[in-house]
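Data file: start-v5.cif. Format and content: mmCIF, C-alpha atoms.
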data_data
#
loop_
_atom_site.label_atom_id
_atom_site.label_comp_id
_atom_site.auth_asym_id
_atom_site.auth_seq_id
_atom_site.Cartn_x
_atom_site.Cartn_y
_atom_site.Cartn_z
CA MET A 1 22.36 -26.07 6.84
CA ASP A 2 22.43 -29.16 8.99
CA VAL A 3 18.93 -30.52 9.06
CA THR A 4 20.03 -33.92 10.25
CA ALA A 5 21.41 -32.81 13.63
CA GLU A 6 21.32 -35.57 16.18
CA HIS A 7 18.30 -35.75 18.40
CA PRO A 8 19.09 -34.76 22.02
CA GLU A 9 18.34 -38.19 23.42
CA ARG A 10 20.90 -39.80 21.21
CA SER A 11 23.94 -38.08 22.69
CA THR A 12 22.81 -38.56 26.28
CA ARG A 13 22.38 -42.24 25.53
CA SER A 14 25.85 -42.53 24.00
CA PRO A 15 28.43 -43.86 26.47
CA ARG A 16 30.79 -41.21 27.78
CA THR A 17 33.36 -43.72 28.99
CA GLY A 18 35.48 -46.34 27.31
CA ARG A 19 35.67 -44.34 24.11
CA ARG A 20 38.51 -44.94 21.73
CA PRO A 21 41.06 -42.23 20.98
CA GLY A 22 39.67 -40.14 18.13
CA SER A 23 36.04 -40.34 19.18
CA ALA A 24 36.48 -37.66 21.88
CA GLY A 25 35.85 -34.84 19.39
CA ALA A 26 32.62 -36.35 18.11
CA ASP A 27 31.38 -36.99 21.67
CA THR A 28 32.17 -33.42 22.72
CA ARG A 29 30.46 -32.01 19.62
CA GLU A 30 27.35 -34.06 20.35
CA ALA A 31 27.31 -33.05 24.00
CA ILE A 32 27.47 -29.37 22.97
CA LEU A 33 24.65 -29.85 20.42
CA ALA A 34 22.43 -31.60 22.97
CA ALA A 35 23.05 -28.84 25.55
CA ALA A 36 22.39 -26.13 22.93
CA GLN A 37 19.09 -27.77 21.89
CA ARG A 38 17.90 -27.88 25.49
CA LEU A 39 18.94 -24.32 26.39
CA PHE A 40 17.80 -22.66 23.14
CA ALA A 41 14.37 -24.27 23.62
CA GLU A 42 14.18 -23.26 27.30
CA ARG A 43 15.71 -19.76 27.21
CA GLY A 44 15.65 -18.69 23.56
CA PHE A 45 18.59 -17.70 21.39
CA GLU A 46 19.52 -14.58 23.34
CA GLY A 47 18.85 -16.04 26.79
CA ALA A 48 21.05 -19.10 26.30
CA SER A 49 24.63 -17.87 26.72
CA MET A 50 27.62 -19.69 25.25
CA ARG A 51 28.91 -20.01 28.82
CA ALA A 52 25.69 -21.65 30.01
CA ILE A 53 25.67 -24.06 27.05
CA ALA A 54 29.30 -24.98 27.78
CA ALA A 55 28.46 -25.57 31.46
CA GLU A 56 25.42 -27.70 30.51
CA ALA A 57 27.60 -29.76 28.16
CA GLY A 58 30.41 -30.01 30.73
CA VAL A 59 33.01 -28.56 28.36
CA ASP A 60 35.14 -25.44 28.15
CA ALA A 61 33.41 -22.55 26.33
CA ALA A 62 36.39 -22.22 23.97
CA LEU A 63 35.50 -25.64 22.54
CA ILE A 64 32.16 -24.30 21.28
CA THR A 65 33.99 -21.68 19.26
CA HIS A 66 36.42 -24.36 18.10
CA PHE A 67 33.66 -26.64 16.82
CA PHE A 68 31.02 -24.15 15.63
CA GLY A 69 32.66 -20.74 15.20
CA SER A 70 29.69 -18.62 16.31
CA LYS A 71 26.49 -18.85 18.30
CA ALA A 72 24.43 -18.53 15.10
CA ASN A 73 26.31 -21.47 13.56
CA LEU A 74 25.70 -23.46 16.72
CA LEU A 75 21.99 -22.69 16.42
CA ALA A 76 22.03 -23.84 12.79
CA ALA A 77 23.65 -27.14 13.74
CA ALA A 78 21.47 -27.64 16.83
CA ILE A 79 18.16 -27.18 15.06
CA ASP A 80 16.40 -30.47 14.81
CA TRP A 81 14.00 -29.59 11.99
CA PRO A 82 10.69 -31.14 12.91
CA PHE A 83 10.05 -32.53 9.46
CA ASP A 84 12.18 -33.67 6.57
CA PRO A 85 11.22 -31.67 3.45
CA ASP A 86 12.56 -34.43 1.20
CA ARG A 87 9.93 -36.75 2.60
CA GLU A 88 7.07 -34.28 3.17
CA LEU A 89 7.12 -32.39 -0.14
CA PRO A 90 6.32 -35.36 -2.41
CA ARG A 91 3.48 -36.27 -0.06
CA ILE A 92 2.04 -32.73 -0.23
CA LEU A 93 2.39 -32.58 -4.02
CA LYS A 94 0.74 -35.96 -4.52
CA ALA A 95 -2.64 -34.58 -3.34
CA GLY A 96 -2.85 -32.44 -6.48
CA ARG A 97 -1.97 -28.89 -7.46
CA ASP A 98 -5.02 -27.26 -5.85
CA GLN A 99 -4.52 -29.04 -2.53
CA VAL A 100 -0.91 -27.97 -1.98
CA GLY A 101 -1.89 -24.94 0.15
CA GLU A 102 -3.94 -27.14 2.43
CA GLY A 103 -1.16 -29.70 2.75
CA LEU A 104 1.44 -27.03 3.55
CA VAL A 105 -0.64 -25.31 6.26
CA ALA A 106 -1.57 -28.69 7.74
CA LEU A 107 2.12 -29.65 7.90
CA PHE A 108 3.03 -26.45 9.77
CA VAL A 109 0.09 -26.53 12.17
CA ARG A 110 0.52 -30.24 12.91
CA THR A 111 4.23 -29.98 13.72
CA TRP A 112 3.86 -26.66 15.58
CA ASP A 113 0.95 -27.93 17.68
CA ARG A 114 2.92 -31.00 18.64
CA GLU A 115 5.76 -29.05 20.19
CA GLY A 116 4.19 -25.68 21.04
CA SER A 117 6.37 -22.76 21.99
CA ARG A 118 9.42 -24.99 22.42
CA HIS A 119 9.27 -25.79 18.73
CA PRO A 120 12.68 -25.18 17.09
CA VAL A 121 11.16 -23.08 14.28
CA ILE A 122 9.46 -20.87 16.91
CA THR A 123 12.79 -20.63 18.76
CA LEU A 124 14.42 -19.65 15.49
CA LEU A 125 11.63 -17.15 14.72
CA ARG A 126 12.11 -15.49 18.12
CA ALA A 127 15.88 -15.40 17.56
CA ALA A 128 15.43 -13.99 14.05
CA ILE A 129 13.60 -10.94 15.43
CA THR A 130 16.73 -9.69 17.17
CA GLU A 131 19.55 -11.52 15.41
CA PRO A 132 20.07 -10.98 11.64
CA SER A 133 22.15 -14.17 11.31
CA ALA A 134 19.27 -16.21 12.74
CA ALA A 135 16.90 -14.45 10.31
CA ASP A 136 19.20 -15.46 7.45
CA LEU A 137 19.22 -19.05 8.68
CA LEU A 138 15.44 -19.22 8.81
CA ALA A 139 15.02 -17.55 5.42
CA ASP A 140 17.63 -19.87 3.96
CA PHE A 141 15.95 -23.03 5.22
CA LEU A 142 12.52 -21.94 4.04
CA ARG A 143 13.72 -20.88 0.60
CA THR A 144 16.17 -23.61 -0.29
CA ARG A 145 14.61 -26.61 1.43
CA LEU A 146 10.89 -25.92 1.44
CA PHE A 147 9.29 -23.18 -0.66
CA GLY A 148 11.90 -23.22 -3.44
CA PRO A 149 11.52 -26.92 -4.33
CA LEU A 150 7.72 -26.71 -3.91
CA LEU A 151 7.40 -23.71 -6.25
CA ALA A 152 9.73 -25.37 -8.76
CA GLU A 153 7.54 -28.48 -8.81
CA LEU A 154 4.46 -26.31 -9.27
CA ASP A 155 6.24 -24.39 -12.04
CA SER A 156 5.06 -21.07 -10.56
CA ASP A 157 6.35 -17.75 -11.89
CA GLN A 158 8.19 -15.26 -9.63
CA PRO A 159 9.26 -17.96 -7.15
CA ASP A 160 11.43 -15.56 -5.09
CA ILE A 161 8.62 -13.18 -4.18
CA ARG A 162 6.19 -16.09 -3.70
CA ALA A 163 8.62 -17.65 -1.21
CA ASN A 164 8.72 -14.34 0.72
CA LEU A 165 4.92 -14.09 0.76
CA LEU A 166 4.58 -17.69 1.94
CA ALA A 167 7.09 -16.96 4.72
CA ALA A 168 5.13 -13.81 5.65
CA GLN A 169 1.78 -15.64 5.91
CA LEU A 170 3.10 -18.76 7.66
CA GLY A 171 5.43 -16.71 9.88
CA GLY A 172 2.50 -14.46 10.77
CA LEU A 173 0.41 -17.51 11.63
CA GLY A 174 3.22 -18.80 13.87
CA LEU A 175 3.51 -15.38 15.48
CA ALA A 176 -0.23 -14.98 16.10
CA ARG A 177 -1.03 -18.53 17.27
CA TYR A 178 2.14 -19.60 19.10
CA ILE A 179 3.94 -16.44 20.26
CA LEU A 180 1.29 -13.71 20.71
CA HIS A 181 -1.36 -16.36 21.59
CA LEU A 182 -4.16 -14.34 19.98
CA GLU A 183 -7.55 -15.75 20.85
CA PRO A 184 -9.66 -17.41 19.50
CA LEU A 185 -6.98 -18.37 16.92
CA ALA A 186 -4.56 -19.83 19.50
CA SER A 187 -7.14 -22.33 20.81
CA ALA A 188 -8.85 -23.17 17.52
CA PRO A 189 -8.77 -26.80 16.29
CA PRO A 190 -6.06 -27.44 13.67
CA ARG A 191 -8.63 -28.28 10.96
CA ASN A 192 -10.22 -24.84 11.35
CA VAL A 193 -6.87 -23.09 11.08
CA VAL A 194 -6.15 -25.04 7.90
CA ARG A 195 -9.54 -24.11 6.44
CA TRP A 196 -9.04 -20.40 7.23
CA VAL A 197 -5.44 -20.01 6.07
CA ALA A 198 -5.00 -22.58 3.26
CA PRO A 199 -6.75 -20.55 0.50
CA ASN A 200 -4.36 -17.65 1.10
CA ILE A 201 -1.35 -19.96 0.98
CA GLN A 202 -2.72 -21.57 -2.18
CA ARG A 203 -2.98 -18.11 -3.78
CA TYR A 204 0.67 -17.35 -2.97
CA LEU A 205 1.66 -20.75 -4.40
CA THR A 206 -0.18 -20.88 -7.71
CA ALA A 207 -2.53 -17.92 -8.43
CA PRO A 208 -1.47 -15.04 -10.69
CA LEU A 209 0.22 -12.31 -8.64
CA MET B 1 -4.86 2.83 25.45
CA ASP B 2 -3.45 6.30 24.93
CA VAL B 3 -3.24 6.81 21.19
CA THR B 4 -2.94 10.56 21.46
CA ALA B 5 0.40 10.60 23.31
CA GLU B 6 2.29 13.83 22.76
CA HIS B 7 4.78 13.88 19.93
CA PRO B 8 8.42 13.95 21.18
CA GLU B 9 9.12 17.40 19.80
CA ARG B 10 6.33 18.94 21.78
CA SER B 11 7.78 18.30 25.22
CA THR B 12 11.29 19.38 24.28
CA ARG B 13 9.79 22.60 23.01
CA SER B 14 7.85 23.20 26.20
CA PRO B 15 9.63 25.60 28.57
CA ARG B 16 11.21 23.90 31.55
CA THR B 17 11.51 27.10 33.56
CA GLY B 18 9.07 29.64 34.90
CA ARG B 19 6.37 27.00 35.25
CA ARG B 20 3.58 27.57 37.72
CA PRO B 21 3.15 25.34 40.74
CA GLY B 22 1.05 22.34 39.69
CA SER B 23 2.46 22.05 36.18
CA ALA B 24 5.63 20.27 37.37
CA GLY B 25 3.93 16.86 37.27
CA ALA B 26 2.72 17.31 33.71
CA ASP B 27 6.15 18.48 32.54
CA THR B 28 7.88 15.54 34.19
CA ARG B 29 5.38 13.11 32.69
CA GLU B 30 5.97 14.57 29.23
CA ALA B 31 9.75 14.47 29.63
CA ILE B 32 9.54 10.78 30.57
CA LEU B 33 7.28 10.02 27.58
CA ALA B 34 9.61 11.82 25.17
CA ALA B 35 12.64 9.96 26.56
CA ALA B 36 10.78 6.64 26.38
CA GLN B 37 9.78 7.24 22.75
CA ARG B 38 13.38 7.94 21.77
CA LEU B 39 14.92 5.00 23.66
CA PHE B 40 12.25 2.41 22.74
CA ALA B 41 12.74 3.33 19.07
CA GLU B 42 16.54 3.21 19.32
CA ARG B 43 17.05 0.20 21.61
CA GLY B 44 13.76 -1.69 21.58
CA PHE B 45 11.54 -2.53 24.53
CA GLU B 46 14.01 -4.84 26.27
CA GLY B 47 17.11 -2.78 25.47
CA ALA B 48 15.71 0.47 26.88
CA SER B 49 16.01 0.14 30.67
CA MET B 50 13.86 2.16 33.07
CA ARG B 51 17.11 3.58 34.46
CA ALA B 52 18.27 4.75 31.01
CA ILE B 53 14.88 6.33 30.29
CA ALA B 54 14.98 8.14 33.64
CA ALA B 55 18.51 9.41 32.90
CA GLU B 56 17.46 10.55 29.41
CA ALA B 57 14.48 12.41 30.91
CA GLY B 58 16.60 13.84 33.73
CA VAL B 59 14.34 12.45 36.45
CA ASP B 60 14.59 9.91 39.23
CA ALA B 61 13.63 6.36 38.11
CA ALA B 62 11.10 6.13 40.95
CA LEU B 63 9.07 8.84 39.21
CA ILE B 64 8.51 6.56 36.19
CA THR B 65 6.93 3.97 38.46
CA HIS B 66 4.95 6.75 40.14
CA PHE B 67 3.50 8.01 36.86
CA PHE B 68 3.19 4.82 34.79
CA GLY B 69 3.34 1.84 37.15
CA SER B 70 5.20 -0.54 34.81
CA LYS B 71 7.43 -0.52 31.76
CA ALA B 72 4.61 -2.02 29.65
CA ASN B 73 2.28 0.81 30.72
CA LEU B 74 4.98 3.32 29.86
CA LEU B 75 5.26 1.73 26.41
CA ALA B 76 1.49 1.97 25.97
CA ALA B 77 1.52 5.66 26.84
CA ALA B 78 4.64 6.41 24.81
CA ILE B 79 3.42 4.85 21.59
CA ASP B 80 2.69 7.54 19.09
CA TRP B 81 0.39 5.53 16.82
CA PRO B 82 1.34 6.51 13.30
CA PHE B 83 -2.24 6.93 12.15
CA ASP B 84 -5.51 7.80 13.79
CA PRO B 85 -8.02 4.98 13.14
CA ASP B 86 -10.93 7.36 13.66
CA ARG B 87 -9.77 9.35 10.66
CA GLU B 88 -8.39 6.52 8.49
CA LEU B 89 -11.20 3.97 8.77
CA PRO B 90 -13.94 6.11 7.18
CA ARG B 91 -11.53 6.92 4.34
CA ILE B 92 -10.79 3.21 3.75
CA LEU B 93 -14.48 2.28 3.90
CA LYS B 94 -15.52 5.03 1.48
CA ALA B 95 -13.71 3.29 -1.40
CA GLY B 96 -16.27 0.48 -1.30
CA ARG B 97 -16.56 -2.94 0.31
CA ASP B 98 -14.34 -4.76 -2.19
CA GLN B 99 -11.53 -2.19 -1.90
CA VAL B 100 -11.16 -2.33 1.88
CA GLY B 101 -8.35 -4.92 1.75
CA GLU B 102 -6.38 -2.73 -0.62
CA GLY B 103 -6.93 0.36 1.52
CA LEU B 104 -5.85 -1.45 4.70
CA VAL B 105 -2.64 -2.90 3.23
CA ALA B 106 -1.81 0.47 1.64
CA LEU B 107 -2.26 2.19 5.01
CA PHE B 108 0.12 -0.23 6.74
CA VAL B 109 2.76 -0.22 4.02
CA ARG B 110 2.66 3.57 3.64
CA THR B 111 3.10 4.28 7.33
CA TRP B 112 5.65 1.48 7.84
CA ASP B 113 7.73 2.54 4.86
CA ARG B 114 7.82 6.11 6.13
CA GLU B 115 9.44 5.18 9.42
CA GLY B 116 11.12 1.86 8.71
CA SER B 117 12.42 -0.23 11.57
CA ARG B 118 12.02 2.65 14.02
CA HIS B 119 8.28 2.52 13.48
CA PRO B 120 6.45 2.26 16.83
CA VAL B 121 4.35 -0.69 15.67
CA ILE B 122 7.55 -2.54 14.70
CA THR B 123 9.03 -1.64 18.10
CA LEU B 124 5.87 -2.99 19.70
CA LEU B 125 5.97 -6.12 17.53
CA ARG B 126 9.56 -6.82 18.60
CA ALA B 127 8.62 -6.21 22.24
CA ALA B 128 5.56 -8.46 21.90
CA ILE B 129 7.75 -11.44 20.91
CA THR B 130 9.36 -11.57 24.33
CA GLU B 131 6.95 -9.64 26.55
CA PRO B 132 3.38 -10.92 26.94
CA SER B 133 2.12 -7.54 28.21
CA ALA B 134 3.40 -5.86 25.04
CA ALA B 135 1.68 -8.60 23.00
CA ASP B 136 -1.57 -7.82 24.83
CA LEU B 137 -1.14 -4.12 24.09
CA LEU B 138 -0.64 -4.73 20.40
CA ALA B 139 -3.53 -7.19 20.18
CA ASP B 140 -5.72 -4.77 22.10
CA PHE B 141 -5.00 -1.82 19.81
CA LEU B 142 -5.52 -3.85 16.66
CA ARG B 143 -8.76 -5.40 17.86
CA THR B 144 -10.49 -2.50 19.56
CA ARG B 145 -9.29 0.43 17.47
CA LEU B 146 -8.71 -1.02 14.02
CA PHE B 147 -10.00 -4.43 12.97
CA GLY B 148 -13.00 -4.49 15.32
CA PRO B 149 -14.59 -1.25 14.04
CA LEU B 150 -13.72 -2.15 10.44
CA LEU B 151 -15.33 -5.61 10.67
CA ALA B 152 -18.39 -4.13 12.40
CA GLU B 153 -18.84 -1.64 9.56
CA LEU B 154 -18.50 -4.46 7.03
CA ASP B 155 -20.97 -6.54 9.06
CA SER B 156 -18.70 -9.61 8.74
CA ASP B 157 -19.44 -12.79 10.68
CA GLN B 158 -16.91 -14.26 13.16
CA PRO B 159 -15.20 -10.89 13.75
CA ASP B 160 -12.92 -12.25 16.51
CA ILE B 161 -11.23 -14.88 14.38
CA ARG B 162 -11.12 -12.52 11.39
CA ALA B 163 -9.30 -9.94 13.54
CA ASN B 164 -6.74 -12.63 14.51
CA LEU B 165 -6.24 -13.67 10.88
CA LEU B 166 -5.80 -10.03 9.79
CA ALA B 167 -3.23 -9.56 12.57
CA ALA B 168 -1.45 -12.76 11.44
CA GLN B 169 -1.21 -11.66 7.78
CA LEU B 170 -0.32 -8.01 8.46
CA GLY B 171 2.03 -8.96 11.33
CA GLY B 172 3.69 -11.51 9.05
CA LEU B 173 4.10 -8.86 6.36
CA GLY B 174 5.71 -6.52 8.93
CA LEU B 175 7.96 -9.36 10.10
CA ALA B 176 9.05 -10.37 6.59
CA ARG B 177 9.53 -6.89 5.07
CA TYR B 178 10.72 -4.79 8.02
CA ILE B 179 12.32 -7.15 10.56
CA LEU B 180 13.62 -10.18 8.64
CA HIS B 181 14.22 -8.03 5.51
CA LEU B 182 13.38 -10.92 3.17
CA GLU B 183 14.30 -10.09 -0.41
CA PRO B 184 12.88 -9.26 -2.93
CA LEU B 185 9.87 -8.38 -0.68
CA ALA B 186 11.79 -5.89 1.48
CA SER B 187 12.83 -3.77 -1.52
CA ALA B 188 9.65 -4.09 -3.58
CA PRO B 189 7.67 -0.89 -4.39
CA PRO B 190 4.69 -0.33 -2.07
CA ARG B 191 2.17 -0.67 -4.91
CA ASN B 192 3.45 -4.19 -5.67
CA VAL B 193 3.19 -5.21 -2.02
CA VAL B 194 -0.39 -3.93 -1.95
CA ARG B 195 -1.23 -5.87 -5.13
CA TRP B 196 0.26 -9.10 -3.74
CA VAL B 197 -1.18 -9.00 -0.22
CA ALA B 198 -4.49 -7.10 -0.55
CA PRO B 199 -6.57 -10.02 -1.96
CA ASN B 200 -5.62 -12.15 1.07
CA ILE B 201 -6.56 -9.34 3.46
CA GLN B 202 -9.82 -8.83 1.57
CA ARG B 203 -10.61 -12.52 2.01
CA TYR B 204 -10.08 -12.31 5.78
CA LEU B 205 -12.28 -9.21 5.88
CA THR B 206 -15.32 -10.24 3.85
CA ALA B 207 -15.13 -13.70 2.21
CA PRO B 208 -16.84 -16.72 3.77
CA LEU B 209 -14.47 -18.51 6.15
#
Let's see the structure in the file written out as structure tokens.
Amino acid sequence: MDVTAEHPERSTRSPRTGRRPGSAGADTREAILAAAQRLFAERGFEGASMRAIAAEAGVDAALITHFFGSKANLLAAAIDWPFDPDRELPRILKAGRDQVGEGLVALFVRTWDREGSRHPVITLLRAAITEPSAADLLADFLRTRLFGPLLAELDSDQPDIRANLLAAQLGGLGLARYILHLEPLASAPPRNVVRWVAPNIQRYLTAPL
Amino acid sequence: MDVTAEHPERSTRSPRTGRRPGSAGADTREAILAAAQRLFAERGFEGASMRAIAAEAGVDAALITHFFGSKANLLAAAIDWPFDPDRELPRILKAGRDQVGEGLVALFVRTWDREGSRHPVITLLRAAITEPSAADLLADFLRTRLFGPLLAELDSDQPDIRANLLAAQLGGLGLARYILHLEPLASAPPRNVVRWVAPNIQRYLTAPL
């Protein structure tokens, strides 16, 4: 999974003229990624057609298949994960074993609140509802990059089922607050959401199951 | 919300001929509901067009608008809620205050497992992701028919936010087990799922927030 995809601004800033032979492929790839990021955020995974992404990028649709193979692969490459687990996990763990639940919920709520419904993980969650390959992508990121390393550091038993339960509770929070907009949860201050949900996340992380 | 919608079989059993004047409207309404139940379950809320439902019911599409107004209203009427809260809630409460979480999770898992991804609440959950009116429907049923009465019986404080948190955890469980099919959660025996999730539901029901 490409979690270091270029940020949209970068490719629009890159000069489209005067490029040397050999850099055309990289420029085209970046233009497609930038267009995909914009359209997936605006229209969702199903609503953003390959044809529309190609038009937005100013390239032939066949080039998308050439570079990325499938729409799900394009989504994987286009996702600009809003935080880098390699940087965030040590920070969360440093607060101490019993504070990890709080740190994890705070990380999700903080990054989700910043970007709202256009958040790439929300886009991916919407896509995952209807598209099994997007569901696999999301599950894969959460397990291998986030919950897996965290549970290994905590030395918790049954890490596979714990990772599923963490995904269920955090996914449900994303669903309720950012997609279904259930009130009063949707408008509650982040610190309240952390206080309400963190003990349940802590239980899935470290308590006996 | 109509939670007593006729079961599909009933309308297909009802005689289409020899009806008295005045019963035509009721027959047509039932035929539309039965067709809507089948197509929403098979194709989802977005995939089942009004035109296809009308064709399945053998009626003119204008009649659907006449009887139900909108597709979301049709969904509301067509949903055959898999359990009757008025019967289930007293049963759950009878087990004692500290067992309510277990009873609630068991109720969801039992009814979900019976019908799998064709379950009407899963259909509604999928629809709610993309359709705000379906999200309102789902939230409305959960709050007014299920969590609201339960929290009132338990005399819990902050019932509105508790209802949201219950929806987040149970919705997340539905998402993870029945839509994203996260393993090993998706294949785990129901009693294990109840053991893992019930303490978190119990906390949202009765513990101090």
Going by the chain IDs and residue numbers used in this file, which residues fall under the PyMOL selection byres ((chain A) within 10 of (chain B))? Write them as a PDB file with C-alpha atoms, in the frame of the given file.
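The result, written out as selection_37.pdb:
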ATOM      1  CA  GLY A  44      15.650 -18.690  23.560  1.00  0.00           C
ATOM      2  CA  LEU A 125      11.630 -17.150  14.720  1.00  0.00           C
ATOM      3  CA  ARG A 126      12.110 -15.490  18.120  1.00  0.00           C
ATOM      4  CA  ALA A 127      15.880 -15.400  17.560  1.00  0.00           C
ATOM      5  CA  ALA A 128      15.430 -13.990  14.050  1.00  0.00           C
ATOM      6  CA  ILE A 129      13.600 -10.940  15.430  1.00  0.00           C
ATOM      7  CA  THR A 130      16.730  -9.690  17.170  1.00  0.00           C
ATOM      8  CA  GLU A 131      19.550 -11.520  15.410  1.00  0.00           C
ATOM      9  CA  PRO A 132      20.070 -10.980  11.640  1.00  0.00           C
ATOM     10  CA  SER A 133      22.150 -14.170  11.310  1.00  0.00           C
ATOM     11  CA  ALA A 134      19.270 -16.210  12.740  1.00  0.00           C
ATOM     12  CA  ALA A 135      16.900 -14.450  10.310  1.00  0.00           C
ATOM     13  CA  ASP A 136      19.200 -15.460   7.450  1.00  0.00           C
ATOM     14  CA  LEU A 138      15.440 -19.220   8.810  1.00  0.00           C
ATOM     15  CA  ALA A 139      15.020 -17.550   5.420  1.00  0.00           C
ATOM     16  CA  ASP A 140      17.630 -19.870   3.960  1.00  0.00           C
ATOM     17  CA  ASP A 160      11.430 -15.560  -5.090  1.00  0.00           C
ATOM     18  CA  ILE A 161       8.620 -13.180  -4.180  1.00  0.00           C
ATOM     19  CA  ARG A 162       6.190 -16.090  -3.700  1.00  0.00           C
ATOM     20  CA  ALA A 163       8.620 -17.650  -1.210  1.00  0.00           C
ATOM     21  CA  ASN A 164       8.720 -14.340   0.720  1.00  0.00           C
ATOM     22  CA  LEU A 165       4.920 -14.090   0.760  1.00  0.00           C
ATOM     23  CA  LEU A 166       4.580 -17.690   1.940  1.00  0.00           C
ATOM     24  CA  ALA A 167       7.090 -16.960   4.720  1.00  0.00           C
ATOM     25  CA  ALA A 168       5.130 -13.810   5.650  1.00  0.00           C
ATOM     26  CA  GLN A 169       1.780 -15.640   5.910  1.00  0.00           C
ATOM     27  CA  LEU A 170       3.100 -18.760   7.660  1.00  0.00           C
ATOM     28  CA  GLY A 171       5.430 -16.710   9.880  1.00  0.00           C
ATOM     29  CA  GLY A 172       2.500 -14.460  10.770  1.00  0.00           C
ATOM     30  CA  LEU A 173       0.410 -17.510  11.630  1.00  0.00           C
ATOM     31  CA  GLY A 174       3.220 -18.800  13.870  1.00  0.00           C
ATOM     32  CA  LEU A 175       3.510 -15.380  15.480  1.00  0.00           C
ATOM     33  CA  ALA A 176      -0.230 -14.980  16.100  1.00  0.00           C
ATOM     34  CA  ARG A 177      -1.030 -18.530  17.270  1.00  0.00           C
ATOM     35  CA  ILE A 179       3.940 -16.440  20.260  1.00  0.00           C
ATOM     36  CA  LEU A 180       1.290 -13.710  20.710  1.00  0.00           C
ATOM     37  CA  HIS A 181      -1.360 -16.360  21.590  1.00  0.00           C
ATOM     38  CA  LEU A 182      -4.160 -14.340  19.980  1.00  0.00           C
ATOM     39  CA  GLU A 183      -7.550 -15.750  20.850  1.00  0.00           C
ATOM     40  CA  PRO A 184      -9.660 -17.410  19.500  1.00  0.00           C
ATOM     41  CA  LEU A 185      -6.980 -18.370  16.920  1.00  0.00           C
ATOM     42  CA  ALA A 186      -4.560 -19.830  19.500  1.00  0.00           C
ATOM     43  CA  ALA A 188      -8.850 -23.170  17.520  1.00  0.00           C
ATOM     44  CA  ASN A 192     -10.220 -24.840  11.350  1.00  0.00           C
ATOM     45  CA  VAL A 193      -6.870 -23.090  11.080  1.00  0.00           C
ATOM     46  CA  ARG A 195      -9.540 -24.110   6.440  1.00  0.00           C
ATOM     47  CA  TRP A 196      -9.040 -20.400   7.230  1.00  0.00           C
ATOM     48  CA  VAL A 197      -5.440 -20.010   6.070  1.00  0.00           C
ATOM     49  CA  PRO A 199      -6.750 -20.550   0.500  1.00  0.00           C
ATOM     50  CA  ASN A 200      -4.360 -17.650   1.100  1.00  0.00           C
ATOM     51  CA  ILE A 201      -1.350 -19.960   0.980  1.00  0.00           C
ATOM     52  CA  ARG A 203      -2.980 -18.110  -3.780  1.00  0.00           C
ATOM     53  CA  TYR A 204       0.670 -17.350  -2.970  1.00  0.00           C
ATOM     54  CA  PRO A 208      -1.470 -15.040 -10.690  1.00  0.00           C
ATOM     55  CA  LEU A 209       0.220 -12.310  -8.640  1.00  0.00           C
TER      56      LEU A 209
END
#### Entry: B:Leu150, B:Val109, B:Val121, B:Leu205 ranked by distance to Arg91 in chain B, top pick (using all atoms listed in the file)
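So, comparing all the options, the nearest one is B:Leu150.
Picked out by the PyMOL selection byres ((chain B and resi 110) around 12) when it runs on this file: Pro82, Phe83, Glu102, Gly103, Leu104, Val105, Ala106, Leu107, Phe108, Val109, Thr111, Trp112, Asp113, Arg114, Glu115, Gly116, His119, Gly174, Pro189, Pro190, Arg191, Val193 and Val194 of chain B.
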#### Entry: Using all atoms listed in the file: which of A:His66, A:Arg87, A:Arg97, A:Arg51 has the shortest distance to Leu39 in chain A
A:Arg51
### Message
Between B:Ala62, B:Ile32, B:Leu154, B:Ile79, which residue has the minimum interatomic distance to Gly96 in chain B, considering only C-alpha atoms?
### Response
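Looking only at the distances to Gly96 in chain B, the closest residue turns out to be B:Leu154.
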#### Entry: Distance of CA of Ala77 in chain A from CA of Leu137 in chain A, expressed in Å to one decimal place
10.5 Å
### Message
Need to verify the contact set: Ala55 in chain B, 12 Å, only C-alpha atoms, exclusion of same-chain residues closer than 3 positions in sequence. Can you return it as a list in words?
### Response
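Once the nearby chain positions are removed, what remains is Ala31, Ile32, Ala35, Ala36, Leu39, Ala48, Ser49, Met50, Arg51, Ala52, Gly58, Val59, Asp60, Ala61, Ala62, Leu63 and Ile64 of chain B.
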### Message
Just the number, please: distance in Å from CA of Asn73 in chain B to CA of Glu42 in chain B, one decimal.
### Response
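Between CA of Asn73 in chain B and CA of Glu42 in chain B the gap is 18.4 Å.
Note that the spacing between CA of Ala26 in chain A and CA of Leu146 in chain A amounts to 29.3 Å.
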